[in-house]
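S.K.: Enclosed is the structure file start.txt (compact mmCIF, C-alpha atoms).
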```txt
# COMPACT_ATOMS: atom_id res chain seq x y z
CA MET A 1 5.53 7.92 -27.24
CA ALA A 2 7.56 9.04 -24.25
CA LYS A 3 7.02 6.82 -21.27
CA THR A 4 5.50 8.21 -18.09
CA TYR A 5 6.80 5.59 -15.69
CA GLN A 6 9.80 3.39 -15.11
CA TYR A 7 9.82 0.06 -13.28
CA CYS A 8 12.21 -1.86 -11.09
CA VAL A 9 12.19 -4.93 -8.86
CA ALA A 10 13.32 -4.32 -5.30
CA GLU A 11 12.48 -6.00 -2.02
CA ASN A 12 11.05 -3.69 0.63
CA TRP A 13 13.44 -4.08 3.56
CA GLY A 14 11.31 -1.90 5.84
CA LYS A 15 12.21 1.40 7.46
CA GLY A 16 14.10 3.66 5.09
CA PHE A 17 13.18 1.79 1.90
CA ILE A 18 11.09 4.83 1.03
CA ASP A 19 11.86 7.69 3.38
CA HIS A 20 9.70 10.70 4.16
CA GLU A 21 11.56 13.02 1.83
CA GLU A 22 11.40 10.60 -1.10
CA SER A 23 7.68 10.13 -0.52
CA THR A 24 7.11 13.85 -0.97
CA ARG A 25 9.25 14.15 -4.09
CA ILE A 26 7.80 11.33 -6.20
CA THR A 27 4.76 9.06 -6.32
CA PHE A 28 5.46 5.39 -5.72
CA LYS A 29 3.28 2.46 -6.68
CA SER A 30 4.00 -1.14 -5.81
CA PHE A 31 2.76 -4.32 -7.44
CA PRO A 32 2.97 -8.05 -6.77
CA GLY A 33 6.44 -9.50 -7.33
CA ASP A 34 8.23 -6.60 -5.62
CA VAL A 35 7.66 -4.48 -8.73
CA TRP A 36 7.85 -0.73 -8.11
CA GLN A 37 6.73 2.10 -10.37
CA VAL A 38 8.26 5.58 -10.20
CA PRO A 39 8.15 8.50 -12.64
CA ALA A 40 10.33 8.19 -15.74
CA TYR A 41 12.98 10.77 -16.62
CA ASN A 42 13.02 11.92 -13.02
CA LYS A 43 16.20 12.53 -11.04
CA HIS A 44 14.62 11.58 -7.73
CA GLY A 45 13.16 8.37 -9.16
CA ASN A 46 16.57 7.42 -10.55
CA LEU A 47 18.25 8.19 -7.22
CA TRP A 48 15.72 6.05 -5.35
CA ILE A 49 16.17 3.07 -7.71
CA ALA A 50 19.93 3.33 -7.19
CA LYS A 51 19.49 3.55 -3.41
CA VAL A 52 17.40 0.38 -3.21
CA ALA A 53 19.59 -1.40 -5.80
CA GLY A 54 16.47 -1.92 -7.92
CA ALA A 55 16.72 -4.17 -10.97
CA VAL A 56 15.39 -1.94 -13.74
CA LYS A 57 12.73 -3.57 -15.93
CA THR A 58 10.97 -2.49 -19.07
CA LYS A 59 7.23 -2.13 -18.77
CA ASP A 60 6.73 -5.45 -20.56
CA GLU A 61 9.23 -7.25 -18.31
CA ALA A 62 7.55 -5.81 -15.23
CA GLN A 63 4.14 -6.78 -16.60
CA THR A 64 5.30 -10.38 -17.03
CA ILE A 65 6.39 -10.53 -13.38
CA VAL A 66 3.19 -8.97 -12.10
CA THR A 67 0.96 -11.15 -14.29
CA ALA A 68 2.69 -14.33 -13.12
CA LYS A 69 2.12 -13.36 -9.49
CA VAL A 70 -1.50 -12.39 -10.08
CA ASP A 71 -2.16 -15.61 -12.04
CA ALA A 72 -0.73 -17.66 -9.18
CA ALA A 73 -2.83 -15.77 -6.65
CA GLN A 74 -5.96 -16.24 -8.78
CA THR A 75 -5.31 -19.97 -9.09
CA ALA A 76 -4.77 -20.26 -5.34
CA TRP A 77 -8.01 -18.36 -4.78
CA ASP A 78 -9.93 -20.63 -7.19
CA ASN A 79 -8.59 -23.72 -5.41
CA ASP A 80 -9.32 -22.50 -1.87
CA ASN A 81 -12.83 -23.84 -1.30
CA VAL A 82 -14.83 -25.01 1.69
CA GLU A 83 -17.65 -27.44 1.06
CA GLY A 84 -21.05 -25.77 1.24
CA GLU A 85 -19.60 -22.26 1.28
CA SER A 86 -21.38 -19.60 -0.78
CA SER A 87 -19.56 -17.12 -2.99
CA ASP A 88 -20.18 -14.31 -0.50
CA GLU A 89 -18.94 -16.45 2.38
CA LYS A 90 -15.76 -17.26 0.46
CA ILE A 91 -15.12 -13.57 -0.19
CA GLU A 92 -15.73 -12.84 3.49
CA ARG A 93 -13.30 -15.60 4.47
CA ILE A 94 -10.38 -14.90 2.13
CA GLY A 95 -11.23 -11.66 0.35
CA ALA A 96 -12.17 -11.04 -3.27
CA LYS A 97 -10.44 -12.84 -6.11
CA PRO A 98 -7.26 -10.98 -7.01
CA ALA A 99 -7.89 -8.73 -10.01
CA ASP A 100 -5.79 -8.53 -13.16
CA ILE A 101 -3.29 -5.68 -13.13
CA THR A 102 -2.22 -3.76 -16.23
CA LEU A 103 0.84 -1.59 -15.88
CA GLU A 104 0.97 1.81 -17.52
CA GLU A 105 3.59 2.89 -20.05
CA MET B 15 17.55 44.66 -8.53
CA SER B 16 15.88 43.51 -5.30
CA ASP B 17 17.70 40.97 -3.25
CA TYR B 18 16.49 38.49 -0.59
CA LYS B 19 17.35 40.82 2.29
CA THR B 20 15.44 43.71 0.73
CA ILE B 21 12.34 41.57 0.30
CA HIS B 22 12.41 39.61 3.55
CA GLY B 23 14.27 41.97 5.85
CA VAL B 24 16.87 39.36 6.73
CA GLY B 25 19.77 37.88 4.87
CA ILE B 26 20.48 34.23 4.07
CA ARG B 27 22.92 32.69 6.53
CA ASP B 28 25.39 30.12 5.41
CA TYR B 29 26.17 26.89 7.23
CA THR B 30 28.67 24.10 6.83
CA THR B 31 26.01 21.65 8.11
CA ASP B 32 22.22 21.95 8.31
CA PRO B 33 20.97 24.34 11.03
CA ASP B 34 20.23 22.61 14.35
CA THR B 35 16.64 23.81 14.74
CA LEU B 36 14.88 24.07 11.42
CA ILE B 37 11.80 26.24 10.91
CA THR B 38 9.31 25.77 8.09
CA GLY B 39 10.21 28.24 5.34
CA GLN B 40 13.76 28.75 6.57
CA VAL B 41 16.31 29.31 3.78
CA TRP B 42 20.09 28.90 4.11
CA PHE B 43 23.18 28.42 1.98
CA ASP B 44 24.95 25.09 2.34
CA LYS B 45 28.62 26.11 2.10
CA THR B 46 29.82 22.53 1.94
CA ASN B 47 27.77 21.55 -1.11
CA LYS B 48 27.39 25.09 -2.43
CA VAL B 49 23.61 24.89 -2.80
CA LEU B 50 20.69 26.93 -1.55
CA GLN B 51 18.46 24.91 0.77
CA PHE B 52 15.12 25.46 2.43
CA GLN B 53 12.82 23.76 4.92
CA ALA B 54 9.47 22.98 3.34
CA GLU B 55 6.17 21.58 4.52
CA GLY B 56 4.85 19.03 2.03
CA ALA B 57 1.47 17.32 1.71
CA GLY B 58 0.90 14.13 3.69
CA ALA B 59 2.63 11.05 2.30
CA PHE B 60 3.48 7.44 3.07
CA SER B 61 6.99 6.15 3.66
CA THR B 62 7.93 2.60 4.59
CA GLY B 63 8.11 1.51 8.21
CA GLY B 64 9.72 -1.57 9.70
CA ASN B 65 8.59 -5.02 8.61
CA MET B 66 6.64 -7.20 11.03
CA ASN B 67 8.10 -10.59 11.94
CA THR B 68 4.91 -12.36 10.84
CA ALA B 69 2.77 -11.43 7.83
CA ARG B 70 -0.90 -11.39 8.78
CA ARG B 71 -4.17 -9.53 8.50
CA ARG B 72 -7.51 -8.91 10.19
CA MET B 73 -6.00 -7.52 13.36
CA PRO B 74 -6.08 -4.20 15.20
CA GLY B 75 -3.29 -1.95 16.30
CA VAL B 76 -3.06 0.42 19.24
CA GLY B 77 -0.74 3.24 20.26
CA THR B 78 1.22 5.72 18.19
CA GLN B 79 3.40 5.64 15.10
CA THR B 80 6.50 5.19 17.26
CA ALA B 81 5.03 3.09 20.10
CA ALA B 82 2.45 0.64 18.82
CA LEU B 83 1.17 -2.91 19.29
CA VAL B 84 -0.18 -5.18 16.54
CA ILE B 85 -2.32 -7.85 18.15
CA SER B 86 -2.99 -11.39 16.89
CA GLY B 87 -4.43 -11.81 13.35
CA THR B 88 -4.47 -14.49 10.66
CA ALA B 89 -2.63 -15.82 7.64
CA ASP B 90 -5.82 -17.61 6.50
CA PRO B 91 -4.91 -19.88 8.45
CA PRO B 92 -3.28 -20.05 10.93
CA VAL B 93 -4.77 -17.63 13.40
CA TYR B 94 -1.89 -16.20 15.42
CA ALA B 95 -1.66 -15.41 19.11
CA GLN B 96 1.45 -13.38 18.44
CA VAL B 97 1.68 -9.74 19.42
CA GLU B 98 4.33 -7.43 18.01
CA SER B 99 5.53 -4.14 19.41
CA TYR B 100 6.80 -1.29 17.18
CA ASN B 101 9.29 1.34 18.32
CA GLY B 102 9.26 3.56 15.25
CA SER B 103 11.90 1.52 13.47
CA ALA B 104 11.41 -2.19 14.06
CA PHE B 105 8.90 -4.75 15.31
CA SER B 106 9.68 -7.19 18.11
CA GLU B 107 7.56 -9.95 19.56
CA VAL B 108 6.08 -9.57 23.03
CA ALA B 109 3.85 -11.90 25.06
CA ASP B 110 1.09 -13.71 23.14
CA VAL B 111 -2.60 -13.15 23.78
CA ASN B 112 -4.29 -16.07 25.56
CA THR B 113 -6.81 -16.53 22.74
CA SER B 114 -5.66 -16.42 19.12
CA ARG B 115 -7.96 -14.04 17.26
CA GLU B 116 -8.96 -12.59 13.93
CA GLU B 117 -11.43 -9.80 13.10
CA HIS B 118 -11.27 -8.54 16.67
CA ALA B 119 -10.80 -5.00 18.00
CA ALA B 120 -8.63 -3.19 20.52
CA GLY B 121 -8.01 0.08 22.32
CA GLY B 122 -5.42 1.69 24.54
CA THR B 123 -1.69 2.19 24.20
CA GLN B 124 1.46 0.17 23.69
CA ALA B 125 1.86 -0.05 27.47
CA SER B 126 -1.77 -0.59 28.44
CA ALA B 127 -4.23 -2.12 26.01
CA ILE B 128 -7.42 -4.13 25.77
CA VAL B 129 -8.46 -6.58 23.04
CA PHE B 130 -11.95 -7.96 22.56
CA GLY B 131 -14.19 -10.00 20.24
CA ASP B 132 -13.10 -12.62 17.74
CA LYS B 133 -14.33 -14.81 14.94
CA PRO B 134 -16.68 -16.61 15.20
CA ASN B 135 -18.74 -14.70 17.76
CA ASN B 136 -16.38 -14.58 20.69
CA ALA B 137 -17.01 -12.13 23.56
CA ASN B 138 -13.64 -12.81 25.20
CA THR B 139 -11.72 -9.76 26.44
CA GLU B 140 -8.07 -9.53 27.49
CA LEU B 141 -6.10 -6.77 29.17
CA TRP B 142 -2.41 -5.95 28.48
CA ASN B 143 -0.31 -4.38 31.23
CA GLY B 144 2.89 -3.95 29.28
CA SER B 145 4.20 -7.44 29.94
CA GLY B 146 1.34 -9.94 29.81
CA TRP B 147 -2.31 -10.54 28.92
CA THR B 148 -5.03 -11.29 31.49
CA GLU B 149 -8.59 -12.38 30.78
CA VAL B 150 -11.19 -9.96 32.12
CA ASN B 151 -14.97 -9.54 31.81
CA ASN B 152 -16.42 -10.40 28.42
CA LEU B 153 -18.34 -8.19 26.03
CA ASN B 154 -22.10 -8.39 26.59
CA THR B 155 -22.62 -9.15 22.89
CA ALA B 156 -20.30 -11.67 21.27
CA ARG B 157 -19.25 -10.65 17.75
CA TYR B 158 -16.50 -10.27 15.18
CA GLU B 159 -15.63 -7.66 12.58
CA LEU B 160 -16.41 -5.19 15.34
CA THR B 161 -14.65 -1.87 15.77
CA GLY B 162 -13.12 -0.30 18.83
CA ASP B 163 -10.90 2.47 20.05
CA GLY B 164 -9.96 4.38 23.16
CA PRO B 165 -7.09 6.34 24.64
CA SER B 166 -6.43 3.92 27.50
CA SER B 167 -7.29 0.41 28.62
CA THR B 168 -9.82 1.88 31.08
CA ALA B 169 -11.89 3.86 28.56
CA VAL B 170 -12.70 2.03 25.35
CA ILE B 171 -15.66 1.92 22.99
CA ALA B 172 -16.77 -1.11 20.93
CA PHE B 173 -19.39 -0.99 18.21
CA GLY B 174 -20.86 -2.83 15.25
CA GLY B 175 -19.80 -6.28 14.17
CA VAL B 176 -21.13 -9.29 12.33
CA PRO B 177 -23.86 -10.20 11.73
CA GLN B 178 -24.72 -6.54 11.03
CA LYS B 179 -24.88 -5.53 14.65
CA ALA B 180 -25.61 -1.97 15.80
CA VAL B 181 -24.68 -2.69 19.41
CA THR B 182 -22.32 -0.27 21.13
CA GLU B 183 -20.59 -0.96 24.44
CA THR B 184 -18.16 1.00 26.59
CA TRP B 185 -15.46 -0.40 28.88
CA ASN B 186 -14.63 1.38 32.14
CA GLY B 187 -11.66 -0.70 33.21
CA THR B 188 -13.78 -3.37 34.83
CA SER B 189 -16.82 -4.20 32.73
CA TRP B 190 -18.69 -3.51 29.50
CA THR B 191 -21.93 -1.46 29.49
CA GLU B 192 -24.32 -1.23 26.57
CA VAL B 193 -24.97 2.32 25.33
CA GLY B 194 -26.73 3.84 22.30
CA ASP B 195 -26.84 1.73 19.13
CA LEU B 196 -25.44 2.70 15.77
CA ASN B 197 -28.14 3.84 13.34
CA ALA B 198 -26.82 1.45 10.71
CA GLY B 199 -25.81 -1.95 12.04
CA ARG B 200 -22.76 -3.17 10.17
CA GLY B 201 -19.51 -5.05 10.31
CA ALA B 202 -16.05 -4.21 9.02
CA SER B 203 -16.46 -0.51 9.72
CA HIS B 204 -13.64 1.78 10.82
CA GLY B 205 -13.51 3.42 14.18
CA ALA B 206 -11.89 6.24 16.05
CA GLY B 207 -12.24 8.14 19.27
CA THR B 208 -13.22 7.62 22.87
CA THR B 209 -16.17 6.60 25.02
CA THR B 210 -17.53 10.15 24.75
CA SER B 211 -16.56 11.14 21.21
CA ALA B 212 -16.24 8.56 18.46
CA LEU B 213 -16.62 8.03 14.73
CA ALA B 214 -17.81 4.97 12.78
CA SER B 215 -17.18 5.12 9.04
CA GLY B 216 -17.83 2.70 6.18
CA GLY B 217 -18.33 -1.03 6.64
CA TYR B 218 -20.48 -3.75 5.15
CA THR B 219 -24.25 -4.26 5.40
CA THR B 220 -25.44 -6.03 2.26
CA ALA B 221 -22.84 -4.05 0.34
CA TYR B 222 -19.87 -1.85 1.16
CA VAL B 223 -21.11 1.49 2.44
CA ALA B 224 -19.85 5.06 2.83
CA VAL B 225 -22.08 5.84 5.81
CA ASN B 226 -20.40 7.77 8.62
CA GLU B 227 -21.73 8.22 12.16
CA SER B 228 -20.56 10.42 15.02
CA TYR B 229 -20.98 9.48 18.71
CA ASN B 230 -21.31 12.12 21.44
CA GLY B 231 -21.22 9.89 24.51
CA THR B 232 -24.92 9.10 24.33
CA SER B 233 -26.08 8.53 20.77
CA TRP B 234 -24.90 8.18 17.17
CA THR B 235 -25.77 10.77 14.50
CA GLU B 236 -25.22 10.39 10.77
CA VAL B 237 -22.72 12.87 9.37
CA ALA B 238 -21.04 13.30 5.96
CA ASP B 239 -20.28 10.06 4.09
CA LEU B 240 -16.87 8.83 3.04
CA ASN B 241 -16.05 9.73 -0.56
CA THR B 242 -15.35 6.05 -1.29
CA SER B 243 -17.59 3.27 0.03
CA ARG B 244 -15.53 0.55 1.67
CA GLY B 245 -15.05 -1.89 4.50
CA TYR B 246 -12.03 -3.56 6.08
CA ALA B 247 -10.03 -0.35 5.82
CA THR B 248 -7.67 0.93 8.48
CA GLN B 249 -8.68 3.89 10.55
CA THR B 250 -6.45 5.81 12.87
CA ALA B 251 -7.52 8.80 14.78
CA GLY B 252 -7.03 11.60 17.16
CA SER B 253 -8.90 11.54 20.41
CA SER B 254 -12.34 12.55 19.22
CA ASN B 255 -15.02 12.36 16.53
CA THR B 256 -13.47 15.33 14.73
CA SER B 257 -10.27 13.72 13.55
CA ALA B 258 -9.78 10.48 11.64
CA LEU B 259 -7.77 8.96 8.83
CA VAL B 260 -9.08 6.07 6.72
CA VAL B 261 -6.76 4.20 4.36
CA GLY B 262 -7.30 1.32 1.96
CA GLY B 263 -10.06 -1.24 2.35
CA THR B 264 -12.34 -3.35 0.17
CA PRO B 265 -13.30 -3.09 -2.70
CA ASP B 266 -9.51 -3.10 -2.89
CA THR B 267 -8.20 0.44 -2.80
CA ALA B 268 -5.12 2.47 -1.90
CA ASN B 269 -7.27 5.50 -1.27
CA THR B 270 -6.69 7.79 1.75
CA GLU B 271 -9.26 10.10 3.31
CA VAL B 272 -9.04 12.42 6.30
CA TRP B 273 -11.97 13.62 8.44
CA ASN B 274 -11.94 17.09 10.02
CA GLY B 275 -15.23 16.87 11.91
CA THR B 276 -17.27 18.10 8.96
CA ALA B 277 -16.13 16.43 5.74
CA TRP B 278 -13.78 13.83 4.26
CA THR B 279 -10.94 14.98 2.01
CA GLU B 280 -8.92 12.70 -0.26
CA LEU B 281 -5.18 12.78 0.26
CA ASN B 282 -2.18 10.99 -1.27
CA ASN B 283 -2.74 7.28 -1.76
CA MET B 284 -0.68 4.41 -0.42
CA PRO B 285 1.75 2.83 -2.93
CA ALA B 286 -0.61 -0.15 -3.28
CA VAL B 287 -4.01 -1.37 -2.19
CA ARG B 288 -4.07 -2.51 1.42
CA VAL B 289 -6.88 -4.31 3.23
CA ASN B 290 -7.33 -5.63 6.79
CA ALA B 291 -4.22 -3.86 8.09
CA ALA B 292 -3.60 -2.73 11.66
CA GLY B 293 -3.50 0.98 12.37
CA ALA B 294 -2.14 3.20 15.12
CA GLY B 295 -1.49 6.87 15.60
CA THR B 296 -3.20 10.06 14.52
CA THR B 297 -4.18 11.88 11.35
CA ALA B 298 -0.79 13.60 11.47
CA SER B 299 1.37 10.60 12.28
CA ALA B 300 0.12 7.07 11.70
CA LEU B 301 1.31 3.50 11.28
CA ILE B 302 -0.36 1.02 8.90
CA ALA B 303 0.94 -2.53 9.40
CA GLY B 304 0.35 -5.87 7.70
CA GLY B 305 -2.86 -6.76 5.90
CA ARG B 306 -2.85 -7.76 2.26
CA ASN B 307 -1.61 -5.56 -0.61
CA PRO B 308 -3.06 -7.50 -2.49
CA ASN B 309 -1.19 -10.53 -1.11
CA LEU B 310 -0.58 -11.09 2.59
CA THR B 311 2.21 -8.76 3.74
CA ASN B 312 4.44 -8.10 6.73
CA THR B 313 5.34 -4.61 5.55
CA SER B 314 4.25 -1.38 7.18
CA LEU B 315 3.74 2.20 6.10
CA GLU B 316 4.17 5.40 8.03
CA TRP B 317 1.90 8.35 7.27
CA ASN B 318 3.05 11.87 8.09
CA ASP B 319 1.07 15.01 7.36
CA PRO B 320 2.58 17.43 6.78
CA VAL B 321 6.00 16.07 5.91
CA LEU B 322 8.73 18.51 6.90
CA SER B 323 11.82 18.12 4.80
CA THR B 324 14.93 19.91 3.68
CA LYS B 325 14.88 20.68 0.00
CA THR B 326 17.56 21.92 -2.34
CA ALA B 327 16.67 24.70 -4.74
CA ASP B 328 17.12 23.37 -8.25
CA THR B 329 15.51 23.75 -11.64
CA ASP B 330 14.16 20.20 -12.02
```
Would you write the structure of this file as structure tokens?

M.R.:
Amino acid sequence: MAKTYQYCVAENWGKGFIDHEESTRITFKSFPGDVWQVPAYNKHGNLWIAKVAGAVKTKDEAQTIVTAKVDAAQTAWDNDNVEGESSDEKIERIGAKPADITLEE
Amino acid sequence: MSDYKTIHGVGIRDYTTDPDTLITGQVWFDKTNKVLQFQAEGAGAFSTGGNMNTARRRMPGVGTQTAALVISGTADPPVYAQVESYNGSAFSEVADVNTSREEHAAGGTQASAIVFGDKPNNANTELWNGSGWTEVNNLNTARYELTGDGPSSTAVIAFGGVPQKAVTETWNGTSWTEVGDLNAGRGASHGAGTTTSALASGGYTTAYVAVNESYNGTSWTEVADLNTSRGYATQTAGSSNTSALVVGGTPDTANTEVWNGTAWTELNNMPAVRVNAAGAGTTASALIAGGRNPNLTNTSLEWNDPVLSTKTADTD
């Protein structure tokens, strides 16, 4: 099956990492671990990965990075407790428990 | 065979560099690169803005996309007193607030702002004059997770807050005055507007809600709901209850909606979920800074709608 997306790891340096023109040409998604998703087989996606010196990852490699980050965040969330605090109060204090993320092919 | 001049009445000029003053729809031939180019107006989209010096969330922003302040906030903990100023490219630290805050609200501009409320149940108010913060008269009702907005530090509206408050107050440059209550008391809602024309969307009562209320200077009226129920989103706005942009929020979403005075319309999403971020600007040109996406972040996004850009005619 032809893949729909390609993945890379790149650190967002701020202004210019994704510029206005790039944002209109392709759809970007970002995930924990500095993992970025752009369309596969797309000239503008390839140009953007080259611009940001992204380390290209397969979907499975990217998934491993994202899962490790989410697992760590979930463990930190589980361990962040205040005595006597209810579940709702905990969510109000630190937000909901980070959800699992499944990357698309 | 028809040619461009026959159809449009004008020919295509050629340039060695891009034309100085571009007009939407303009077409020209780039002699240097030997390609046909045109100026197009694209749908609203997010690009990356400068990174803040300190990652944090649960703080407000004021100003515009190119002249904004992000005020205080938390990294769960600590709660920061730091204030950062944005110039359209980069953030720099300016004078701290006197009271470190989280889940507070603000109004005004980069040069003249007001910040008020705090967790837990603080009524403290501070005024920014462009160089320092001064404590002024407190809110009448202490609260946090409240919402506020206003075009200047002498005309600001504050409403809602925890625990599920409906209280609305306006600031005239000297003191707070209680005015008409929200119909639905709630915290973590999203606000826009002025003391005479404001909007309160979403928030949390016993669950995240889509309820949307419009303020006319006297009272709040329920108007069309958000498409997606949420709280802790970022709302930026024009100067009235007819123009607002809501992005992100909890339950965690990257969703973007724009309000035109009658209905909400979904637009392009952010690259990732973002919650508790600071916002500044308008529905056409906004800044979304910090928050969590889903982890705490110092990054920012710039929203532009429409995005004007130069495109090259190709067959891709």

S.K.: Pull out every residue of chain B that has at least one atom within 10 Å of chain A, counting only C-alpha atoms, and report them as a PyMOL selection string.

M.R.: chain B and resi 55-66+89-91+102-104+246+264-266+268+282-287+289-290+306-309+312-318+320-325+330

S.K.: Between B:Leu50, B:Ala247, B:Ala202, B:Val150, which is the closest to Thr30 of chain B once you count all atoms listed in the file?

M.R.: B:Leu50

S.K.: Counting all atoms listed in the file, what is within 9 Å of Glu116 of chain B, bar same-chain residues fewer than 3 positions away, as an MDAnalysis selection string?

M.R.: chainID B and resid 71:74 86:88 93:94 119 131:134 158:159

S.K.: Kindly give the distance, in Å, that separates atom CA of Ala300 of chain B and atom CA of Thr250 of chain B, rounded to a single decimal.

M.R.: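 A separation of 6.8 Å between them.
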
S.K.: How far is it from atom CA of Ile65 of chain A to atom CA of Glu105 of chain A, in Å with one decimal?

M.R.: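 Atom CA of Ile65 of chain A sits 15.2 Å away from atom CA of Glu105 of chain A.
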
S.K.: Of the candidates B:Ala303, B:Ile171, B:Ala127, B:Leu310, which one gets nearest to Val76 of chain B if we count all atoms listed in the file?

M.R.: B:Ala127

S.K.: So the first atom is atom CA of Thr68 of chain B and the second is atom CA of Ala95 of chain B; what is the distance between them in Å, to one decimal place?

M.R.: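 Interatomic distance here is 11.0 Å.
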
S.K.: Between B:Trp142, B:Tyr229, B:Trp234, B:Tyr29, single out the one closest to Ala109 of chain B, counting only C-alpha atoms.

M.R.: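 Residue with the minimum atom-to-atom distance to Ala109 of chain B: B:Trp142.
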
S.K.: Give me segment 35-53 of chain A with N, CA and C atoms filled in, as a compact mmCIF listing (two decimals), in the coordinates of the input.

M.R.:
```txt
# COMPACT_ATOMS: atom_id res chain seq x y z
N VAL A 35 7.52 -5.42 -7.62
CA VAL A 35 7.66 -4.48 -8.73
C VAL A 35 7.25 -3.09 -8.25
N TRP A 36 8.11 -2.12 -8.51
CA TRP A 36 7.85 -0.73 -8.11
C TRP A 36 7.80 0.17 -9.34
N GLN A 37 6.87 1.12 -9.30
CA GLN A 37 6.73 2.10 -10.37
C GLN A 37 7.06 3.49 -9.84
N VAL A 38 7.95 4.19 -10.55
CA VAL A 38 8.26 5.58 -10.20
C VAL A 38 8.24 6.39 -11.50
N PRO A 39 8.20 7.70 -11.41
CA PRO A 39 8.15 8.50 -12.64
C PRO A 39 9.39 8.29 -13.51
N ALA A 40 9.20 8.30 -14.81
CA ALA A 40 10.33 8.19 -15.74
C ALA A 40 10.99 9.56 -15.91
N TYR A 41 12.23 9.54 -16.36
CA TYR A 41 12.98 10.77 -16.62
C TYR A 41 12.94 11.70 -15.40
N ASN A 42 13.13 11.14 -14.25
CA ASN A 42 13.02 11.92 -13.02
C ASN A 42 14.24 11.63 -12.15
N LYS A 43 14.96 12.68 -11.80
CA LYS A 43 16.20 12.53 -11.04
C LYS A 43 15.96 11.81 -9.71
N HIS A 44 14.87 12.16 -9.05
CA HIS A 44 14.62 11.58 -7.73
C HIS A 44 14.21 10.11 -7.85
N GLY A 45 13.49 9.78 -8.92
CA GLY A 45 13.16 8.37 -9.16
C GLY A 45 14.41 7.56 -9.43
N ASN A 46 15.31 8.12 -10.24
CA ASN A 46 16.57 7.42 -10.55
C ASN A 46 17.41 7.23 -9.29
N LEU A 47 17.46 8.28 -8.46
CA LEU A 47 18.25 8.19 -7.22
C LEU A 47 17.68 7.11 -6.29
N TRP A 48 16.34 7.04 -6.23
CA TRP A 48 15.72 6.05 -5.35
C TRP A 48 15.99 4.63 -5.86
N ILE A 49 15.88 4.41 -7.16
CA ILE A 49 16.17 3.07 -7.71
C ILE A 49 17.61 2.67 -7.40
N ALA A 50 18.53 3.63 -7.50
CA ALA A 50 19.93 3.33 -7.19
C ALA A 50 20.08 3.02 -5.70
N LYS A 51 19.37 3.77 -4.86
CA LYS A 51 19.49 3.55 -3.41
C LYS A 51 19.04 2.14 -3.01
N VAL A 52 17.95 1.69 -3.60
CA VAL A 52 17.40 0.38 -3.21
C VAL A 52 17.97 -0.76 -4.06
N ALA A 53 18.97 -0.41 -4.91
CA ALA A 53 19.59 -1.40 -5.80
C ALA A 53 18.50 -2.12 -6.61
```
